[in-house]
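Reviewing the structure listed below.
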Amino acid sequence: ASTQTSKSVAERGGVNPCDTKDPGFGLYDKWTRGIDMGQLIMPQSKRFARGGQFDVMFHFHGHEAARKGFITVMDGAVLVGIDLGLGSGPYETSFDAPDAFARLVTSVERAVEKKTGKPAKARRIGLSAWSAGYGAVQKILGQKYGKERVDSVVLLDGLHCGYQGQSVNALQIKAFTEFAKQAAAGEKLMFVSQSSISPPGYASTTETANFLIHEVGGTPKASSGAGPLGLELISRYTRGNFHVRGFSGNDKMDHCAQLGLYADVLKIHIKPRWNTPRVTAP
């Protein structure tokens, strides 16, 4: 019961997590299309693909909110934003084909080549998702190309599945479990956050996050502390490069507030790991 809380905008410092201030695009150009799916932002400078290589994060669901966090931290990587509507179904369907994600990466490489005027290849590849966007990540991680090429995964209050009897359906989230084990071993990086929202008829992000922790041989630890946009930390777990953070809150604004974690995750985990060459002026 103590986790089933909600805060007003006033209690969140006067900020509505579902409608935060827009910081603009910083060192980045505005969104452009011309790739297989979604849109992307690239640094204004043409010198970001050092040695013909660049780093790229693919974000699924809530691309504008993700962009707000991304541009405040990142200064050389590319961000691809993909929004396909409500529910995880459209995200899963869009990556059913085994070559769908590989084709998307290739189309981003072509866009970078067009921008820089030189051949370019993706070096580090990351996947991030909020809410229903996990459906795309699930499909990509379950395929050969995704298993080989994806280095980092960030899930912000967005890992759900069905039940098998009274338990989480382990088969449905097998791809995430396998990736979590690789991250715990230091081979990959994975950050998972969960609110305390309890959805009807399927596993909550609390249940799935705790399941992943259990599968790597751990137990979530009670914790406390203030998070962004009014979030309140209640649990945490870290093993190797596998990180889970749990928060109280059971309303829409708590769900939106999870996107406020994105900038810190990029700053603390992704940026040091990738060490993307920094660019400044165009």
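Following the order of the structure tokens, first chain is A, next is B, and so on, with residues numbered from 1 inside each chain and ligands from 1 in the order they appear.
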
Could you give me, as a Markdown table, a per-residue list for stretch 79-128 of chain A showing, wherever an atom lies at most 12 Å from an atom of stretch 177-197 of chain A, the closest pair of atoms and their distance in Å to one decimal, using only C-alpha atoms and sorting by chain then residue number from low to high?
| residue | atom | partner | partner_atom | distance |
| --- | --- | --- | --- | --- |
| A:Arg124 | CA | A:Lys188 | CA | 11.0 |
| A:Ile125 | CA | A:Lys188 | CA | 11.0 |
| A:Gly126 | CA | A:Leu189 | CA | 9.2 |
| A:Leu127 | CA | A:Met190 | CA | 9.6 |
| A:Ser128 | CA | A:Phe191 | CA | 9.2 |

Find the residues of stretch 71-131 of chain A that sit at most 12 Å from stretch 141-152 of chain A; for each, write down the nearest two atoms and how far apart they are in Å, to one decimal. Count only C-alpha atoms. Sort by chain, then by number going up, and give it as JSON lines.
{"residue": "A:Glu92", "atom": "CA", "partner": "A:Gly142", "partner_atom": "CA", "distance": 11.0}
{"residue": "A:Phe95", "atom": "CA", "partner": "A:Gln143", "partner_atom": "CA", "distance": 9.5}
{"residue": "A:Asp96", "atom": "CA", "partner": "A:Gln143", "partner_atom": "CA", "distance": 9.3}
{"residue": "A:Ala97", "atom": "CA", "partner": "A:Gln143", "partner_atom": "CA", "distance": 9.2}
{"residue": "A:Pro98", "atom": "CA", "partner": "A:Gln143", "partner_atom": "CA", "distance": 6.3}
{"residue": "A:Asp99", "atom": "CA", "partner": "A:Tyr145", "partner_atom": "CA", "distance": 7.8}
{"residue": "A:Ala100", "atom": "CA", "partner": "A:Tyr145", "partner_atom": "CA", "distance": 9.7}
{"residue": "A:Phe101", "atom": "CA", "partner": "A:Gly146", "partner_atom": "CA", "distance": 7.5}
{"residue": "A:Ala102", "atom": "CA", "partner": "A:Tyr145", "partner_atom": "CA", "distance": 6.7}
{"residue": "A:Arg103", "atom": "CA", "partner": "A:Tyr145", "partner_atom": "CA", "distance": 10.4}
{"residue": "A:Leu104", "atom": "CA", "partner": "A:Gly146", "partner_atom": "CA", "distance": 11.6}
{"residue": "A:Val105", "atom": "CA", "partner": "A:Arg149", "partner_atom": "CA", "distance": 10.1}
{"residue": "A:Ala122", "atom": "CA", "partner": "A:Arg149", "partner_atom": "CA", "distance": 9.4}
{"residue": "A:Arg123", "atom": "CA", "partner": "A:Arg149", "partner_atom": "CA", "distance": 8.8}
{"residue": "A:Arg124", "atom": "CA", "partner": "A:Asp151", "partner_atom": "CA", "distance": 6.3}
{"residue": "A:Ile125", "atom": "CA", "partner": "A:Val150", "partner_atom": "CA", "distance": 5.1}
{"residue": "A:Gly126", "atom": "CA", "partner": "A:Ser152", "partner_atom": "CA", "distance": 4.6}
{"residue": "A:Leu127", "atom": "CA", "partner": "A:Ser152", "partner_atom": "CA", "distance": 6.3}
{"residue": "A:Ser128", "atom": "CA", "partner": "A:Ser152", "partner_atom": "CA", "distance": 8.2}
{"residue": "A:Ala129", "atom": "CA", "partner": "A:Ser152", "partner_atom": "CA", "distance": 11.5}

In Å and to one decimal, atom CA of A:Arg50 is distant from atom CA of A:Val112 by 11.5 Å

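Inside stretch 222-258 of chain A, the residues DSSP reads as strand (DSSP E) when given the backbone are Ala222, Ser223, Ser224, Gly225, Ala226, Glu232, Leu233, Ile234, Ser235, Arg236, Tyr237, Thr238, Arg239, Phe242, His243, Val244, Arg245, Gly246 and Phe247 of chain A.
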
Given the choices A:Ser235, A:Gly230, A:Tyr202, A:Lys118, which gets closest to A:Gly13 if the distance is worked out from only C-alpha atoms?
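The shortest atom-to-atom distance to A:Gly13 comes from A:Gly230.
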
Selection near stretch 33-41 of chain A, 10 Å with only C-alpha atoms, sequence-local residues under 5 positions removed, as JSON, numbers by chain:
{"A": [25, 27, 28, 56, 57, 58, 59, 60, 63, 67, 71, 77, 78, 79, 80, 81, 82, 83, 84, 94, 100, 101, 103, 104, 105, 106, 107, 108, 109, 110, 111]}

Nearby residues (only C-alpha atoms) at most 10 Å from A:Gly246, same-chain spacing under 3 positions excluded, as a ChimeraX atom specification:
/A:157,192-196,205-206,209-210,220-224,231-237,249

Between A:Val137, A:Ile270, A:Ala1, A:Arg239, which is the closest to A:Pro90 once you count only C-alpha atoms?
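The answer is A:Val137, which sits nearest to A:Pro90.
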
As an exercise, work out the distance from atom CA of A:Gln166 to atom CA of A:Gln138 in Å and give it to one decimal place.
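Here the two named atoms are 22.2 Å from each other.
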
For atom CA of A:Tyr91 and atom CA of A:Gly133, the interatomic separation in Å (one decimal):
6.3 Å

So that I can see what lies close to A:Trp130, please list as an mmCIF file with all heavy atoms, in the first residue's frame the residues with an atom at most 8 Å from it, counting only C-alpha atoms and leaving out residues fewer than 3 positions away in the same chain.
data_model
loop_
_atom_site.group_PDB
_atom_site.id
_atom_site.type_symbol
_atom_site.label_atom_id
_atom_site.label_comp_id
_atom_site.auth_asym_id
_atom_site.auth_seq_id
_atom_site.Cartn_x
_atom_site.Cartn_y
_atom_site.Cartn_z
ATOM 1 N N PHE A 60 12.251 3.897 -28.626
ATOM 2 C CA PHE A 60 10.899 3.515 -29.027
ATOM 3 C C PHE A 60 9.864 4.034 -28.025
ATOM 4 O O PHE A 60 9.935 3.734 -26.842
ATOM 5 C CB PHE A 60 10.798 1.993 -29.131
ATOM 6 C CG PHE A 60 11.786 1.394 -30.088
ATOM 7 C CD1 PHE A 60 13.003 0.904 -29.635
ATOM 8 C CD2 PHE A 60 11.513 1.350 -31.455
ATOM 9 C CE1 PHE A 60 13.923 0.356 -30.513
ATOM 10 C CE2 PHE A 60 12.436 0.810 -32.342
ATOM 11 C CZ PHE A 60 13.635 0.318 -31.877
ATOM 12 N N HIS A 61 8.935 4.836 -28.521
ATOM 13 C CA HIS A 61 7.792 5.380 -27.781
ATOM 14 C C HIS A 61 8.211 6.601 -26.949
ATOM 15 O O HIS A 61 9.065 6.504 -26.073
ATOM 16 C CB HIS A 61 7.160 4.320 -26.866
ATOM 17 C CG HIS A 61 5.694 4.523 -26.633
ATOM 18 N ND1 HIS A 61 4.765 4.431 -27.641
ATOM 19 C CD2 HIS A 61 4.988 4.819 -25.511
ATOM 20 C CE1 HIS A 61 3.550 4.637 -27.148
ATOM 21 N NE2 HIS A 61 3.663 4.890 -25.859
ATOM 22 N N GLY A 62 7.588 7.729 -27.251
ATOM 23 C CA GLY A 62 7.897 8.960 -26.528
ATOM 24 C C GLY A 62 9.192 9.593 -26.999
ATOM 25 O O GLY A 62 10.028 10.003 -26.183
ATOM 26 N N GLY A 133 6.967 0.751 -25.925
ATOM 27 C CA GLY A 133 8.088 0.595 -26.847
ATOM 28 C C GLY A 133 8.917 -0.653 -26.626
ATOM 29 O O GLY A 133 9.681 -1.063 -27.496
ATOM 30 N N TYR A 134 8.755 -1.273 -25.450
ATOM 31 C CA TYR A 134 9.522 -2.485 -25.165
ATOM 32 C C TYR A 134 9.257 -3.584 -26.192
ATOM 33 O O TYR A 134 10.085 -4.487 -26.392
ATOM 34 C CB TYR A 134 9.204 -3.016 -23.757
ATOM 35 C CG TYR A 134 7.906 -3.786 -23.665
ATOM 36 C CD1 TYR A 134 7.873 -5.166 -23.860
ATOM 37 C CD2 TYR A 134 6.694 -3.136 -23.418
ATOM 38 C CE1 TYR A 134 6.677 -5.870 -23.794
ATOM 39 C CE2 TYR A 134 5.506 -3.837 -23.345
ATOM 40 C CZ TYR A 134 5.502 -5.196 -23.539
ATOM 41 O OH TYR A 134 4.316 -5.899 -23.493
ATOM 42 N N LEU A 155 15.284 0.322 -20.430
ATOM 43 C CA LEU A 155 13.832 0.134 -20.373
ATOM 44 C C LEU A 155 13.271 0.997 -19.256
ATOM 45 O O LEU A 155 13.575 0.772 -18.079
ATOM 46 C CB LEU A 155 13.480 -1.332 -20.120
ATOM 47 C CG LEU A 155 13.927 -2.360 -21.167
ATOM 48 C CD1 LEU A 155 13.559 -3.756 -20.703
ATOM 49 C CD2 LEU A 155 13.300 -2.068 -22.516
ATOM 50 N N LEU A 156 12.472 1.992 -19.608
ATOM 51 C CA LEU A 156 11.900 2.917 -18.642
ATOM 52 C C LEU A 156 10.426 2.581 -18.428
ATOM 53 O O LEU A 156 9.593 2.880 -19.278
ATOM 54 C CB LEU A 156 12.060 4.356 -19.142
ATOM 55 C CG LEU A 156 13.513 4.788 -19.434
ATOM 56 C CD1 LEU A 156 13.536 6.153 -20.084
ATOM 57 C CD2 LEU A 156 14.354 4.769 -18.158
ATOM 58 N N ASP A 157 10.136 1.939 -17.319
ATOM 59 C CA ASP A 157 8.779 1.552 -16.952
ATOM 60 C C ASP A 157 8.042 0.920 -18.125
ATOM 61 O O ASP A 157 6.922 1.288 -18.440
ATOM 62 C CB ASP A 157 7.997 2.768 -16.435
ATOM 63 C CG ASP A 157 6.808 2.356 -15.562
ATOM 64 O OD1 ASP A 157 6.859 1.267 -14.978
ATOM 65 O OD2 ASP A 157 5.839 3.127 -15.479
ATOM 66 N N GLY A 158 8.681 -0.051 -18.755
ATOM 67 C CA GLY A 158 8.072 -0.585 -19.957
ATOM 68 C C GLY A 158 8.389 -2.021 -20.263
ATOM 69 O O GLY A 158 8.647 -2.331 -21.423
ATOM 70 N N GLN A 258 9.014 8.611 -15.442
ATOM 71 C CA GLN A 258 10.087 7.646 -15.692
ATOM 72 C C GLN A 258 11.001 8.102 -16.827
ATOM 73 O O GLN A 258 12.195 7.806 -16.835
ATOM 74 C CB GLN A 258 9.489 6.278 -16.016
ATOM 75 C CG GLN A 258 8.709 5.640 -14.872
ATOM 76 C CD GLN A 258 9.589 4.920 -13.883
ATOM 77 O OE1 GLN A 258 10.567 4.288 -14.263
ATOM 78 N NE2 GLN A 258 9.253 5.001 -12.613
ATOM 79 N N LEU A 259 10.444 8.846 -17.781
ATOM 80 C CA LEU A 259 11.270 9.382 -18.866
ATOM 81 C C LEU A 259 12.270 10.415 -18.357
ATOM 82 O O LEU A 259 13.270 10.693 -19.009
ATOM 83 C CB LEU A 259 10.388 9.982 -19.957
ATOM 84 C CG LEU A 259 9.836 8.974 -20.971
ATOM 85 C CD1 LEU A 259 8.634 9.539 -21.701
ATOM 86 C CD2 LEU A 259 10.922 8.583 -21.970
#

Counting only C-alpha atoms, figure out which residue out of A:Ala170, A:Asp251, A:His269, A:Val216 gets nearest to A:Pro199.
A:Asp251

Using only C-alpha atoms, which protein or nucleic acid residues come within 12 Å of A:Ile268? Drop anything in the same chain fewer than 5 positions from it, and give the result as a list of chain:residue names.
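Listed by chain and then number, they are A:Val73, A:Met74, A:Leu189, A:Phe191, A:Asn241, A:His243, A:Leu261, A:Tyr262, A:Ala263, A:Arg273, A:Trp274, A:Asn275.
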
Backbone DSSP call of alpha helix (DSSP H) for stretch 28-153 of chain A, listed as a PyMOL selection string:
chain A and resi 63-73+89-94+100-116+134-141+144-149

Output C-alpha atoms for every residue in the selection just made, as an mmCIF file, in the first residue's frame.
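Okay, again.cif is ready:
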data_model
loop_
_atom_site.group_PDB
_atom_site.id
_atom_site.type_symbol
_atom_site.label_atom_id
_atom_site.label_comp_id
_atom_site.auth_asym_id
_atom_site.auth_seq_id
_atom_site.Cartn_x
_atom_site.Cartn_y
_atom_site.Cartn_z
ATOM 1 C CA HIS A 63 10.656 10.163 -28.845
ATOM 2 C CA GLU A 64 10.167 13.863 -28.092
ATOM 3 C CA ALA A 65 10.455 13.331 -24.339
ATOM 4 C CA ALA A 66 13.535 11.164 -24.918
ATOM 5 C CA ARG A 67 15.056 13.861 -27.123
ATOM 6 C CA LYS A 68 14.710 16.400 -24.303
ATOM 7 C CA GLY A 69 16.915 14.255 -22.097
ATOM 8 C CA PHE A 70 19.245 13.106 -24.853
ATOM 9 C CA ILE A 71 20.382 16.539 -26.045
ATOM 10 C CA THR A 72 21.220 17.687 -22.505
ATOM 11 C CA VAL A 73 23.795 14.911 -22.121
ATOM 12 C CA GLY A 89 1.656 -4.791 -30.700
ATOM 13 C CA PRO A 90 2.662 -2.351 -33.469
ATOM 14 C CA TYR A 91 6.235 -2.280 -32.165
ATOM 15 C CA GLU A 92 6.473 -6.057 -32.188
ATOM 16 C CA THR A 93 4.895 -6.400 -35.635
ATOM 17 C CA SER A 94 7.222 -3.822 -37.184
ATOM 18 C CA ALA A 100 13.948 -5.390 -40.263
ATOM 19 C CA PHE A 101 16.339 -3.957 -37.693
ATOM 20 C CA ALA A 102 19.415 -4.611 -39.841
ATOM 21 C CA ARG A 103 17.758 -2.676 -42.670
ATOM 22 C CA LEU A 104 16.929 0.161 -40.291
ATOM 23 C CA VAL A 105 20.552 0.384 -39.116
ATOM 24 C CA THR A 106 21.746 0.402 -42.736
ATOM 25 C CA SER A 107 19.344 3.236 -43.562
ATOM 26 C CA VAL A 108 20.746 5.255 -40.632
ATOM 27 C CA GLU A 109 24.269 4.610 -41.901
ATOM 28 C CA ARG A 110 23.216 5.989 -45.288
ATOM 29 C CA ALA A 111 21.752 9.088 -43.623
ATOM 30 C CA VAL A 112 25.011 9.676 -41.755
ATOM 31 C CA GLU A 113 26.973 9.230 -44.995
ATOM 32 C CA LYS A 114 24.765 11.824 -46.650
ATOM 33 C CA LYS A 115 25.340 14.235 -43.758
ATOM 34 C CA THR A 116 29.109 13.769 -43.467
ATOM 35 C CA TYR A 134 9.522 -2.485 -25.165
ATOM 36 C CA GLY A 135 7.751 -4.563 -27.835
ATOM 37 C CA ALA A 136 10.291 -3.496 -30.451
ATOM 38 C CA VAL A 137 13.223 -4.186 -28.136
ATOM 39 C CA GLN A 138 11.845 -7.630 -27.362
ATOM 40 C CA LYS A 139 11.718 -8.581 -31.043
ATOM 41 C CA ILE A 140 15.150 -7.135 -31.852
ATOM 42 C CA LEU A 141 16.886 -8.888 -28.946
ATOM 43 C CA LYS A 144 20.460 -12.976 -34.485
ATOM 44 C CA TYR A 145 21.423 -9.506 -35.696
ATOM 45 C CA GLY A 146 20.128 -7.834 -32.534
ATOM 46 C CA LYS A 147 21.882 -10.306 -30.262
ATOM 47 C CA GLU A 148 25.172 -9.646 -32.019
ATOM 48 C CA ARG A 149 24.993 -5.890 -32.516
#
